[in-house]
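Next up, target_33.cif (mmCIF, C-alpha atoms):
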data_my_file
loop_
_atom_site.label_atom_id
_atom_site.label_comp_id
_atom_site.auth_asym_id
_atom_site.auth_seq_id
_atom_site.Cartn_x
_atom_site.Cartn_y
_atom_site.Cartn_z
CA MET A 1 12.02 -27.11 1.67
CA ASN A 2 14.08 -27.50 4.80
CA LYS A 3 12.37 -25.61 7.61
CA ALA A 4 15.63 -24.32 9.12
CA SER A 5 16.94 -22.83 5.90
CA PHE A 6 13.48 -21.46 5.16
CA LEU A 7 13.53 -19.63 8.47
CA LYS A 8 17.02 -18.32 7.86
CA THR A 9 16.06 -16.88 4.51
CA LEU A 10 12.84 -15.53 6.03
CA PHE A 11 14.80 -13.55 8.57
CA LEU A 12 17.16 -12.36 5.86
CA ALA A 13 14.19 -11.15 3.86
CA CYS A 14 12.81 -9.36 6.92
CA ILE A 15 16.11 -7.59 7.47
CA LEU A 16 16.21 -6.58 3.83
CA LEU A 17 12.81 -4.97 4.12
CA MET A 18 13.39 -3.38 7.53
CA PRO A 19 14.93 -0.14 6.18
CA ALA A 20 11.62 0.25 4.40
CA SER A 21 10.57 3.24 6.49
CA SER A 22 13.13 5.49 4.96
CA PHE A 23 13.97 9.09 5.67
CA SER A 24 11.99 11.26 3.36
CA SER A 25 10.30 14.62 3.30
CA ALA A 26 7.35 15.03 5.58
CA THR A 27 4.12 15.49 3.72
CA GLU A 28 2.59 17.54 6.49
CA GLY A 29 4.32 19.20 9.39
CA HIS A 30 3.13 20.93 12.48
CA GLU A 31 3.16 24.29 10.72
CA THR A 32 0.26 23.44 8.43
CA GLU A 33 -2.13 22.57 11.25
CA PRO A 34 -5.03 25.07 11.12
CA THR A 35 -5.70 27.12 14.21
CA HIS A 36 -8.36 25.77 16.52
CA SER A 37 -11.56 27.78 16.69
CA GLU A 38 -14.28 27.62 19.31
CA GLU A 39 -16.59 25.45 17.27
CA PHE A 40 -15.67 21.93 16.22
CA SER A 41 -15.16 22.14 12.47
CA SER A 42 -15.07 19.12 10.22
CA ASN A 43 -12.12 20.52 8.31
CA ASP A 44 -10.15 20.72 11.53
CA TYR A 45 -11.03 17.15 12.42
CA ILE A 46 -9.85 15.75 9.10
CA SER A 47 -6.77 17.95 8.96
CA HIS A 48 -5.85 16.94 12.49
CA HIS A 49 -6.08 13.28 11.64
CA LEU A 50 -3.92 13.66 8.56
CA VAL A 51 -0.89 15.08 10.34
CA PHE A 52 2.01 12.74 11.00
CA ASN A 53 3.86 12.59 14.26
CA SER A 54 7.11 13.84 12.79
CA GLU A 55 10.46 14.41 14.34
CA ALA A 56 13.20 16.34 12.58
CA VAL A 57 16.58 14.62 12.69
CA PHE A 58 18.54 17.82 12.43
CA SER A 59 17.18 21.02 13.84
CA GLY A 60 16.57 24.00 11.65
CA GLU A 61 13.62 24.81 9.44
CA GLU A 62 15.36 24.17 6.14
CA ASN A 63 15.76 20.48 6.86
CA ARG A 64 12.37 19.10 5.80
CA PHE A 65 13.95 16.14 4.02
CA TRP A 66 15.41 14.39 7.04
CA THR A 67 12.19 14.06 8.99
CA LEU A 68 11.08 10.83 10.62
CA HIS A 69 7.45 9.86 10.88
CA LEU A 70 7.64 8.30 14.31
CA ASP A 71 4.13 6.87 14.29
CA SER A 72 4.55 5.09 10.94
CA LEU A 73 7.94 3.80 11.97
CA PHE A 74 6.66 2.48 15.27
CA TYR A 75 3.63 0.71 13.82
CA SER A 76 5.47 -0.80 10.86
CA VAL A 77 8.27 -2.17 13.07
CA PHE A 78 5.68 -3.43 15.57
CA MET A 79 3.78 -5.26 12.82
CA ALA A 80 6.99 -6.76 11.44
CA LEU A 81 7.99 -8.03 14.89
CA LEU A 82 4.50 -9.44 15.43
CA PHE A 83 4.62 -11.31 12.13
CA CYS A 84 8.16 -12.61 12.59
CA THR A 85 7.74 -13.83 16.16
CA SER A 86 4.34 -15.47 15.63
CA PHE A 87 5.46 -17.29 12.48
CA TYR A 88 8.75 -18.26 14.12
CA PHE A 89 7.03 -19.83 17.11
CA ALA A 90 4.73 -21.72 14.78
CA ALA A 91 7.60 -23.00 12.66
CA ARG A 92 9.44 -24.30 15.69
CA LYS A 93 6.63 -26.73 16.39
CA ALA A 94 6.39 -28.03 12.83
CA THR A 95 6.24 -31.81 12.66
CA ILE A 96 5.22 -34.51 10.19
CA LYS A 97 1.77 -34.79 11.82
CA PRO A 98 -1.11 -32.89 10.20
CA PRO A 99 -1.13 -29.47 11.86
CA SER A 100 -3.98 -27.79 13.67
CA GLY A 101 -4.74 -24.40 15.16
CA TRP A 102 -2.22 -21.61 14.67
CA LEU A 103 0.34 -23.94 13.10
CA GLY A 104 -2.26 -25.05 10.58
CA PHE A 105 -2.98 -21.46 9.63
CA VAL A 106 0.69 -20.64 9.22
CA GLU A 107 1.21 -23.69 7.01
CA LEU A 108 -1.83 -22.69 4.96
CA VAL A 109 -0.40 -19.24 4.27
CA VAL A 110 3.06 -20.60 3.51
CA VAL A 111 1.67 -23.20 1.10
CA LEU A 112 -0.48 -20.59 -0.68
CA VAL A 113 2.45 -18.21 -1.16
CA ASP A 114 4.72 -21.07 -2.19
CA GLU A 115 2.26 -22.22 -4.87
CA GLN A 116 2.04 -18.75 -6.35
CA VAL A 117 5.81 -18.35 -6.38
CA LYS A 118 6.34 -21.78 -7.93
CA ASP A 119 3.90 -20.98 -10.74
CA THR A 120 5.52 -17.67 -11.57
CA TYR A 121 9.20 -17.81 -10.73
CA HIS A 122 11.38 -20.21 -12.65
CA GLY A 123 14.80 -19.31 -11.27
CA THR A 124 16.86 -20.90 -8.53
CA SER A 125 17.21 -18.18 -5.90
CA LYS A 126 16.09 -19.22 -2.42
CA LEU A 127 15.29 -15.65 -1.46
CA ILE A 128 12.15 -15.18 -3.51
CA ALA A 129 9.61 -17.30 -1.63
CA PRO A 130 10.44 -16.01 1.88
CA LEU A 131 10.55 -12.50 0.47
CA ALA A 132 7.09 -12.98 -1.02
CA LEU A 133 5.78 -14.36 2.27
CA THR A 134 7.26 -11.44 4.22
CA ILE A 135 5.85 -8.86 1.83
CA PHE A 136 2.41 -10.44 1.81
CA CYS A 137 2.06 -10.85 5.57
CA TRP A 138 3.73 -7.56 6.51
CA VAL A 139 1.75 -5.44 4.04
CA PHE A 140 -1.45 -7.20 5.11
CA LEU A 141 -0.76 -6.53 8.79
CA MET A 142 0.06 -2.87 8.09
CA ASN A 143 -3.10 -2.49 6.03
CA PHE A 144 -5.12 -4.16 8.75
CA MET A 145 -4.45 -1.22 11.07
CA ASP A 146 -6.92 0.69 8.91
CA LEU A 147 -9.82 -1.38 10.26
CA ILE A 148 -9.26 -0.22 13.83
CA PRO A 149 -11.72 2.64 14.62
CA VAL A 150 -10.07 5.77 13.39
CA ASP A 151 -10.18 7.69 16.66
CA LEU A 152 -9.35 4.90 19.07
CA LEU A 153 -5.56 4.81 19.07
CA PRO A 154 -5.07 8.58 18.59
CA TRP A 155 -7.40 9.16 21.55
CA ALA A 156 -5.40 6.73 23.66
CA GLY A 157 -2.28 8.51 22.49
CA SER A 158 -3.64 11.91 23.45
CA LEU A 159 -4.21 10.59 26.96
CA VAL A 160 -0.49 9.90 27.18
CA GLY A 161 0.44 13.21 25.60
CA ILE A 162 0.97 12.24 21.97
CA GLU A 163 -0.71 14.95 19.93
CA TYR A 164 -0.78 13.49 16.43
CA MET A 165 -0.87 9.84 15.49
CA ARG A 166 -1.53 8.10 12.20
CA VAL A 167 -1.82 4.40 12.77
CA VAL A 168 -1.79 3.05 9.19
CA PRO A 169 1.83 2.78 8.09
CA SER A 170 1.00 1.87 4.49
CA ALA A 171 -1.00 5.09 4.10
CA ASP A 172 2.35 6.87 4.46
CA LEU A 173 4.09 7.47 1.17
CA ASN A 174 7.48 6.94 2.80
CA ILE A 175 6.67 3.40 3.91
CA THR A 176 5.24 2.23 0.60
CA PHE A 177 8.07 3.78 -1.36
CA GLY A 178 10.55 2.25 1.06
CA LEU A 179 9.12 -1.15 0.24
CA SER A 180 8.95 -0.57 -3.50
CA LEU A 181 12.42 0.99 -3.73
CA THR A 182 13.83 -2.00 -1.88
CA VAL A 183 12.15 -4.27 -4.44
CA PHE A 184 13.60 -2.06 -7.20
CA LEU A 185 17.10 -2.49 -5.78
CA LEU A 186 16.52 -6.24 -5.64
CA ILE A 187 15.43 -6.23 -9.29
CA ILE A 188 18.62 -4.43 -10.29
CA TYR A 189 20.72 -6.73 -8.11
CA PHE A 190 19.25 -9.88 -9.62
CA SER A 191 19.47 -8.52 -13.16
CA ILE A 192 23.16 -7.80 -12.77
CA LYS A 193 23.82 -11.05 -10.93
CA ILE A 194 22.13 -13.29 -13.53
CA LYS A 195 22.94 -11.47 -16.73
CA GLY A 196 26.22 -9.83 -15.74
CA LEU A 197 26.90 -6.12 -16.02
CA ARG A 198 27.49 -6.30 -19.78
CA GLY A 199 24.38 -8.37 -20.37
CA PHE A 200 22.29 -5.98 -18.30
CA ALA A 201 23.62 -2.96 -20.20
CA LYS A 202 23.07 -4.74 -23.52
CA GLU A 203 19.49 -5.50 -22.60
CA LEU A 204 18.86 -1.88 -21.67
CA ALA A 205 20.42 -0.55 -24.84
CA PHE A 206 19.51 -2.98 -27.58
CA GLN A 207 16.27 -4.52 -26.45
CA PRO A 208 13.08 -3.48 -28.27
CA PHE A 209 14.66 -2.36 -31.49
CA GLY A 210 18.10 -2.98 -32.97
CA LYS A 211 21.37 -1.32 -32.04
CA TRP A 212 20.91 1.70 -34.29
CA MET A 213 17.98 3.00 -32.20
CA LEU A 214 20.04 3.07 -29.01
CA PRO A 215 18.81 6.35 -27.43
CA PHE A 216 15.20 5.43 -28.12
CA ASN A 217 15.67 1.95 -26.64
CA LEU A 218 17.34 3.44 -23.59
CA LEU A 219 14.47 5.88 -23.07
CA LEU A 220 11.80 3.21 -23.34
CA LYS A 221 13.64 0.82 -21.04
CA LEU A 222 14.33 3.51 -18.45
CA ILE A 223 10.68 4.55 -18.38
CA GLU A 224 9.60 0.95 -18.02
CA GLU A 225 12.10 0.29 -15.21
CA ILE A 226 11.18 3.42 -13.29
CA ALA A 227 7.45 2.84 -13.68
CA LYS A 228 7.75 -0.42 -11.72
CA PRO A 229 8.65 0.91 -8.25
CA LEU A 230 6.62 4.07 -8.82
CA SER A 231 3.42 2.20 -9.59
CA LEU A 232 4.02 -0.36 -6.83
CA GLY A 233 4.40 2.30 -4.17
CA LEU A 234 1.65 4.60 -5.39
CA ARG A 235 -0.89 1.80 -5.84
CA LEU A 236 -0.63 0.68 -2.22
CA PHE A 237 -0.52 4.25 -0.93
CA GLY A 238 -3.51 5.41 -2.99
CA ASN A 239 -5.73 2.53 -1.95
CA LEU A 240 -4.94 2.84 1.75
CA TYR A 241 -5.01 6.65 1.87
CA ALA A 242 -8.40 6.77 0.17
CA GLY A 243 -9.73 4.08 2.52
CA GLU A 244 -8.54 5.93 5.60
CA LEU A 245 -9.99 9.21 4.36
CA ILE A 246 -13.38 7.64 3.75
CA PHE A 247 -13.34 6.21 7.28
CA LEU A 248 -12.59 9.72 8.55
CA ILE A 249 -15.46 11.20 6.54
CA ILE A 250 -17.84 8.54 7.86
CA ALA A 251 -16.66 9.33 11.37
CA LEU A 252 -17.62 12.97 10.78
CA PHE A 253 -21.31 12.08 10.95
CA THR A 254 -21.33 12.19 14.72
CA ILE A 255 -18.83 14.98 15.15
CA ARG A 256 -21.37 17.13 16.95
CA ALA A 257 -21.82 14.37 19.50
CA ALA A 258 -18.16 14.79 20.42
CA THR A 259 -18.79 18.28 21.74
CA GLU A 260 -21.49 19.42 24.14
CA GLN A 261 -23.88 20.06 21.27
CA PHE A 262 -25.56 16.65 21.34
CA VAL A 263 -29.01 16.75 19.75
CA ILE A 264 -31.60 13.97 19.48
CA ALA A 265 -30.92 13.71 15.72
CA ASP A 266 -27.39 12.62 16.56
CA SER A 267 -28.59 9.17 17.60
CA GLY A 268 -29.88 8.69 14.06
CA TYR A 269 -26.52 9.83 12.81
CA MET A 270 -24.83 7.31 15.05
CA ILE A 271 -26.82 4.44 13.56
CA MET A 272 -26.03 5.68 10.06
CA GLN A 273 -22.38 6.02 10.92
CA PHE A 274 -22.34 2.47 12.30
CA LEU A 275 -23.99 1.02 9.19
CA LEU A 276 -21.89 2.95 6.71
CA GLY A 277 -18.76 2.16 8.65
CA LEU A 278 -19.65 -1.53 8.62
CA VAL A 279 -20.29 -1.57 4.88
CA TRP A 280 -17.09 0.28 4.07
CA ALA A 281 -15.09 -1.88 6.50
CA LEU A 282 -16.33 -5.05 4.79
CA PHE A 283 -15.37 -3.68 1.39
CA HIS A 284 -12.05 -2.53 2.80
CA LEU A 285 -11.30 -6.07 4.03
CA VAL A 286 -11.32 -7.21 0.42
CA ILE A 287 -9.17 -4.27 -0.63
CA ILE A 288 -6.44 -4.80 1.96
CA LEU A 289 -6.16 -8.50 1.19
CA LEU A 290 -6.12 -7.83 -2.52
CA GLN A 291 -3.53 -5.05 -2.31
CA ALA A 292 -1.16 -7.16 -0.20
CA PHE A 293 -1.58 -10.02 -2.67
CA ILE A 294 -0.99 -7.72 -5.66
CA PHE A 295 2.16 -6.27 -4.11
CA MET A 296 3.50 -9.78 -3.51
CA MET A 297 2.57 -11.08 -6.98
CA LEU A 298 4.06 -8.08 -8.75
CA THR A 299 7.26 -8.40 -6.75
CA VAL A 300 7.57 -12.05 -7.75
CA VAL A 301 6.73 -11.27 -11.39
CA TYR A 302 9.26 -8.42 -11.60
CA LEU A 303 11.96 -10.53 -9.98
CA SER A 304 11.30 -13.41 -12.34
CA MET A 305 11.42 -11.00 -15.27
CA ALA A 306 14.82 -9.87 -13.99
CA HIS A 307 16.00 -13.46 -14.23
CA GLU A 308 14.97 -14.34 -17.71
CA GLU A 309 16.65 -13.24 -20.92
CA HIS A 310 14.99 -12.61 -24.20
CA MET B 1 -10.52 36.92 -0.83
CA GLU B 2 -8.35 36.14 -3.80
CA ASN B 3 -8.39 32.42 -3.17
CA GLU B 4 -11.94 31.76 -4.34
CA PHE B 5 -11.06 31.24 -7.97
CA ILE B 6 -8.29 28.77 -7.08
CA LEU B 7 -10.58 26.94 -4.67
CA GLY B 8 -13.31 26.67 -7.27
CA MET B 9 -10.97 25.38 -9.94
CA THR B 10 -9.47 22.92 -7.46
CA ALA B 11 -12.92 21.53 -6.75
CA VAL B 12 -13.59 21.04 -10.45
CA ALA B 13 -10.16 19.49 -10.95
CA ALA B 14 -10.65 17.02 -8.11
CA SER B 15 -14.07 16.01 -9.46
CA VAL B 16 -12.72 15.45 -12.97
CA LEU B 17 -9.81 13.40 -11.58
CA ILE B 18 -12.06 11.10 -9.61
CA GLY B 19 -14.79 10.90 -12.26
CA MET B 20 -12.60 10.05 -15.24
CA GLY B 21 -10.71 7.48 -13.20
CA ALA B 22 -13.96 5.85 -12.13
CA LEU B 23 -15.25 5.81 -15.72
CA GLY B 24 -12.18 4.09 -17.12
CA THR B 25 -12.03 1.57 -14.29
CA ALA B 26 -15.69 0.67 -14.56
CA ILE B 27 -15.43 -0.05 -18.27
CA GLY B 28 -12.21 -1.99 -17.73
CA PHE B 29 -13.64 -4.12 -14.95
CA GLY B 30 -16.74 -4.83 -17.00
CA LEU B 31 -14.70 -6.09 -19.93
CA LEU B 32 -12.41 -8.07 -17.64
CA GLY B 33 -15.29 -9.74 -15.83
CA GLY B 34 -17.04 -10.55 -19.07
CA ARG B 35 -13.99 -12.25 -20.55
CA PHE B 36 -13.44 -14.17 -17.32
CA LEU B 37 -17.01 -15.46 -17.35
CA GLU B 38 -16.71 -16.48 -20.99
CA GLY B 39 -13.46 -18.31 -20.35
CA ALA B 40 -14.81 -20.04 -17.25
CA ALA B 41 -17.95 -21.10 -19.13
CA ARG B 42 -15.88 -22.58 -21.94
CA GLN B 43 -13.52 -24.53 -19.68
CA PRO B 44 -14.87 -24.91 -16.15
CA GLU B 45 -11.76 -26.73 -14.99
CA MET B 46 -9.68 -23.59 -15.62
CA ALA B 47 -12.01 -21.41 -13.54
CA ASN B 48 -9.84 -21.46 -10.40
CA MET B 49 -6.66 -20.52 -12.18
CA LEU B 50 -8.47 -17.84 -14.14
CA GLN B 51 -9.89 -16.40 -10.95
CA VAL B 52 -6.41 -15.88 -9.50
CA LYS B 53 -5.32 -14.12 -12.68
CA LEU B 54 -8.56 -12.10 -12.57
CA PHE B 55 -7.67 -10.70 -9.18
CA ILE B 56 -4.15 -9.90 -10.26
CA VAL B 57 -5.35 -7.91 -13.27
CA ALA B 58 -8.06 -6.29 -11.14
CA GLY B 59 -5.43 -5.05 -8.73
CA LEU B 60 -3.40 -3.60 -11.58
CA LEU B 61 -6.50 -1.97 -13.04
CA ASP B 62 -7.34 -0.42 -9.69
CA ALA B 63 -4.00 1.29 -9.35
CA VAL B 64 -4.28 4.30 -11.65
CA PRO B 65 -7.73 5.50 -10.48
CA MET B 66 -6.57 5.08 -6.91
CA ILE B 67 -3.56 7.26 -7.60
CA GLY B 68 -6.00 9.77 -9.09
CA VAL B 69 -8.23 9.61 -6.02
CA GLY B 70 -5.22 10.05 -3.76
CA ILE B 71 -4.07 13.14 -5.68
CA ALA B 72 -7.63 14.55 -5.79
CA LEU B 73 -8.07 14.13 -2.04
CA PHE B 74 -4.67 15.72 -1.50
CA PHE B 75 -5.84 18.74 -3.53
CA VAL B 76 -9.02 18.97 -1.50
CA PHE B 77 -7.50 18.75 1.97
CA ALA B 78 -3.99 20.15 1.61
CA ASN B 79 -4.28 22.43 -1.38
CA PRO B 80 -0.78 23.28 -2.62
CA PHE B 81 -2.03 26.13 -4.81
CA ILE B 82 -3.11 28.24 -1.89
CA GLY B 83 -0.51 30.48 -0.26
#

Translate the structure of the given file into structure tokens.
Amino acid sequence: MNKASFLKTLFLACILLMPASSFSSATEGHETEPTHSEEFSSNDYISHHLVFNSEAVFSGEENRFWTLHLDSLFYSVFMALLFCTSFYFAARKATIKPPSGWLGFVELVVVLVDEQVKDTYHGTSKLIAPLALTIFCWVFLMNFMDLIPVDLLPWAGSLVGIEYMRVVPSADLNITFGLSLTVFLLIIYFSIKIKGLRGFAKELAFQPFGKWMLPFNLLLKLIEEIAKPLSLGLRLFGNLYAGELIFLIIALFTIRAATEQFVIADSGYMIMQFLLGLVWALFHLVIILLQAFIFMMLTVVYLSMAHEEH
Amino acid sequence: MENEFILGMTAVAASVLIGMGALGTAIGFGLLGGRFLEGAARQPEMANMLQVKLFIVAGLLDAVPMIGVGIALFFVFANPFIG
């Protein structure tokens, strides 16, 4: 693989995935925030941490569809820039000599992803391996934001005046569906490019059973095609959302310490919170790596299925 | 208040969602792990390749209960059936 063309296709893949944070309806807006009471309630804490920092594109209360989640957008773009620039600066120094340090790590990741793609994908497109690398590293970096203590960045944001902040982009349904819908469009693009429009339509209409069962074939094929992006997006979202929520619930142990109601039992709670948080964070490390890997593998498998004909 | 019945049923619904998902996944993972161990014991040289495929299938298996957990937690914290 020529390093220059690899980098070019890597940037192309990044640009393809950039519109991932698409416009979509806000899951929670400012209106659903419960009113603050005098006492610190755990419900309030969790509800406060689940609200996105949204910004309506057009004013007016009817327009809930065109709402941007500024915090998810910012963190996902920041992670993408981090990944692109760090890998770019490593690739510039690539030589024949055995690598070490950061360059060695980058080559390790690239070789791992390349092996997986070579085992699974038997077509000729040069887009697939950089796309897989981008998806793997970007999703992993976005998931990694979940390991940062759940109050740290929102507290720093509240010092600057930002009221709500959710720092895990992949716990936002818009981001994960942006990624999976982009992959869906790529699947359709490659299907039509390799098989031609007629071949694609024939495969949809005639595939499992013969040509006399056309409506039934169409139904089965449509369900199968739609289940792919749906399950891709929901799998990543569900895992990360549940992980974030459990971190929030663990953080609730010392909620009384946050107010003036500190009691001696709270130090015991703090130790328990630390231990539980540690255990869950270790388990979550496995989950984020696994989910990024699964997203990448399924993308490669779906794209290679779009290339082959029965 | 008139919401208590809805709240109670939502709690039961969330528990069933999470519980049934966990049950199915546990059985599935058990079977998957057992087959992997059998295969690795038969042909130790295939163990590495099988492990990669194990994690892929594990990720797929994890998806549906996670979607269930996500929906259940959504019901608990942002109940759409109330007002």

With 12 Å as the limit and counting only C-alpha atoms, what residues in chain B lie close to chain A? Please list them as a PyMOL selection string. chain B and resi 18+49+52-74+76-80+82-83

Kindly give the distance, in Å, that separates CA of Leu276 (chain A) and CA of Ile250 (chain A), rounded to a single decimal. 7.0 Å

So how far away is CA of Lys195 (chain A) from CA of Trp212 (chain A), in Å?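 Separating CA of Trp212 (chain A) from CA of Lys195 (chain A) is a distance of 22.0 Å.
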
Please report the interatomic distance between CA of Pro169 (chain A) and CA of Met79 (chain A) in Å with one decimal.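 Taking CA of Pro169 (chain A) and CA of Met79 (chain A), their separation equals 9.5 Å.
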
Applying the PyMOL selection byres ((chain A and resi 144-160) around 10) to the file I just gave you, which residues come out? Please list them as a PyMOL selection string. chain A and resi 49+75-76+79+138-143+161-171+240-241+243-245+247-248+250-251+277-278+280-282+284-285+288-289

Selected residues, C-alpha atoms, written as a CSV table (one decimal), in the coordinates of the input, please.
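See again.csv below for the written result:
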chain,number,residue,atom,x,y,z
A,49,HIS,CA,-6.1,13.3,11.6
A,75,TYR,CA,3.6,0.7,13.8
A,76,SER,CA,5.5,-0.8,10.9
A,79,MET,CA,3.8,-5.3,12.8
A,138,TRP,CA,3.7,-7.6,6.5
A,139,VAL,CA,1.8,-5.4,4.0
A,140,PHE,CA,-1.4,-7.2,5.1
A,141,LEU,CA,-0.8,-6.5,8.8
A,142,MET,CA,0.1,-2.9,8.1
A,143,ASN,CA,-3.1,-2.5,6.0
A,161,GLY,CA,0.4,13.2,25.6
A,162,ILE,CA,1.0,12.2,22.0
A,163,GLU,CA,-0.7,15.0,19.9
A,164,TYR,CA,-0.8,13.5,16.4
A,165,MET,CA,-0.9,9.8,15.5
A,166,ARG,CA,-1.5,8.1,12.2
A,167,VAL,CA,-1.8,4.4,12.8
A,168,VAL,CA,-1.8,3.0,9.2
A,169,PRO,CA,1.8,2.8,8.1
A,170,SER,CA,1.0,1.9,4.5
A,171,ALA,CA,-1.0,5.1,4.1
A,240,LEU,CA,-4.9,2.8,1.8
A,241,TYR,CA,-5.0,6.6,1.9
A,243,GLY,CA,-9.7,4.1,2.5
A,244,GLU,CA,-8.5,5.9,5.6
A,245,LEU,CA,-10.0,9.2,4.4
A,247,PHE,CA,-13.3,6.2,7.3
A,248,LEU,CA,-12.6,9.7,8.6
A,250,ILE,CA,-17.8,8.5,7.9
A,251,ALA,CA,-16.7,9.3,11.4
A,277,GLY,CA,-18.8,2.2,8.6
A,278,LEU,CA,-19.6,-1.5,8.6
A,280,TRP,CA,-17.1,0.3,4.1
A,281,ALA,CA,-15.1,-1.9,6.5
A,282,LEU,CA,-16.3,-5.0,4.8
A,284,HIS,CA,-12.0,-2.5,2.8
A,285,LEU,CA,-11.3,-6.1,4.0
A,288,ILE,CA,-6.4,-4.8,2.0
A,289,LEU,CA,-6.2,-8.5,1.2

Do a neighbour search on region 100-107 of chain A at 8 Å with all atoms listed in the file, toss out local chain neighbours closer than 5 positions, and write the hits as a list in words. Phe87, Ala90, Ala91, Lys93 and Ala94 of chain A

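Residue nearest Leu32 (chain B) within the list B:Phe5, B:Phe75, B:Gln51, B:Ala13: B:Gln51 [criterion: smallest interatomic distance, only C-alpha atoms].
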
Restore N, CA and C atoms in region 16-34 of chain B and list the result as a CSV table (one decimal), in the frame of the given file.
chain,number,residue,atom,x,y,z
B,16,VAL,N,-13.1,16.1,-11.7
B,16,VAL,CA,-12.7,15.4,-13.0
B,16,VAL,C,-11.8,14.3,-12.8
B,17,LEU,N,-10.8,14.5,-11.9
B,17,LEU,CA,-9.8,13.4,-11.6
B,17,LEU,C,-10.5,12.1,-11.2
B,18,ILE,N,-11.4,12.3,-10.1
B,18,ILE,CA,-12.1,11.1,-9.6
B,18,ILE,C,-13.0,10.5,-10.6
B,19,GLY,N,-13.8,11.4,-11.3
B,19,GLY,CA,-14.8,10.9,-12.3
B,19,GLY,C,-14.2,10.1,-13.4
B,20,MET,N,-13.2,10.7,-14.1
B,20,MET,CA,-12.6,10.0,-15.2
B,20,MET,C,-11.9,8.7,-14.8
B,21,GLY,N,-11.3,8.7,-13.7
B,21,GLY,CA,-10.7,7.5,-13.2
B,21,GLY,C,-11.8,6.4,-13.0
B,22,ALA,N,-12.9,6.8,-12.4
B,22,ALA,CA,-14.0,5.8,-12.1
B,22,ALA,C,-14.5,5.3,-13.4
B,23,LEU,N,-14.7,6.2,-14.4
B,23,LEU,CA,-15.2,5.8,-15.7
B,23,LEU,C,-14.4,4.7,-16.4
B,24,GLY,N,-13.1,5.0,-16.5
B,24,GLY,CA,-12.2,4.1,-17.1
B,24,GLY,C,-12.2,2.8,-16.4
B,25,THR,N,-12.1,2.8,-15.1
B,25,THR,CA,-12.0,1.6,-14.3
B,25,THR,C,-13.3,0.8,-14.4
B,26,ALA,N,-14.5,1.4,-14.5
B,26,ALA,CA,-15.7,0.7,-14.6
B,26,ALA,C,-15.8,-0.1,-15.9
B,27,ILE,N,-15.4,0.6,-17.0
B,27,ILE,CA,-15.4,0.0,-18.3
B,27,ILE,C,-14.4,-1.2,-18.3
B,28,GLY,N,-13.2,-0.9,-17.7
B,28,GLY,CA,-12.2,-2.0,-17.7
B,28,GLY,C,-12.6,-3.2,-16.9
B,29,PHE,N,-13.2,-3.0,-15.8
B,29,PHE,CA,-13.6,-4.1,-15.0
B,29,PHE,C,-14.8,-4.9,-15.6
B,30,GLY,N,-15.7,-4.1,-16.3
B,30,GLY,CA,-16.7,-4.8,-17.0
B,30,GLY,C,-16.2,-5.8,-18.1
B,31,LEU,N,-15.3,-5.2,-18.9
B,31,LEU,CA,-14.7,-6.1,-19.9
B,31,LEU,C,-14.0,-7.3,-19.3
B,32,LEU,N,-13.2,-7.0,-18.3
B,32,LEU,CA,-12.4,-8.1,-17.6
B,32,LEU,C,-13.3,-9.2,-17.1
B,33,GLY,N,-14.4,-8.8,-16.4
B,33,GLY,CA,-15.3,-9.7,-15.8
B,33,GLY,C,-16.0,-10.5,-16.9
B,34,GLY,N,-16.4,-9.8,-18.0
B,34,GLY,CA,-17.0,-10.6,-19.1
B,34,GLY,C,-16.2,-11.6,-19.7
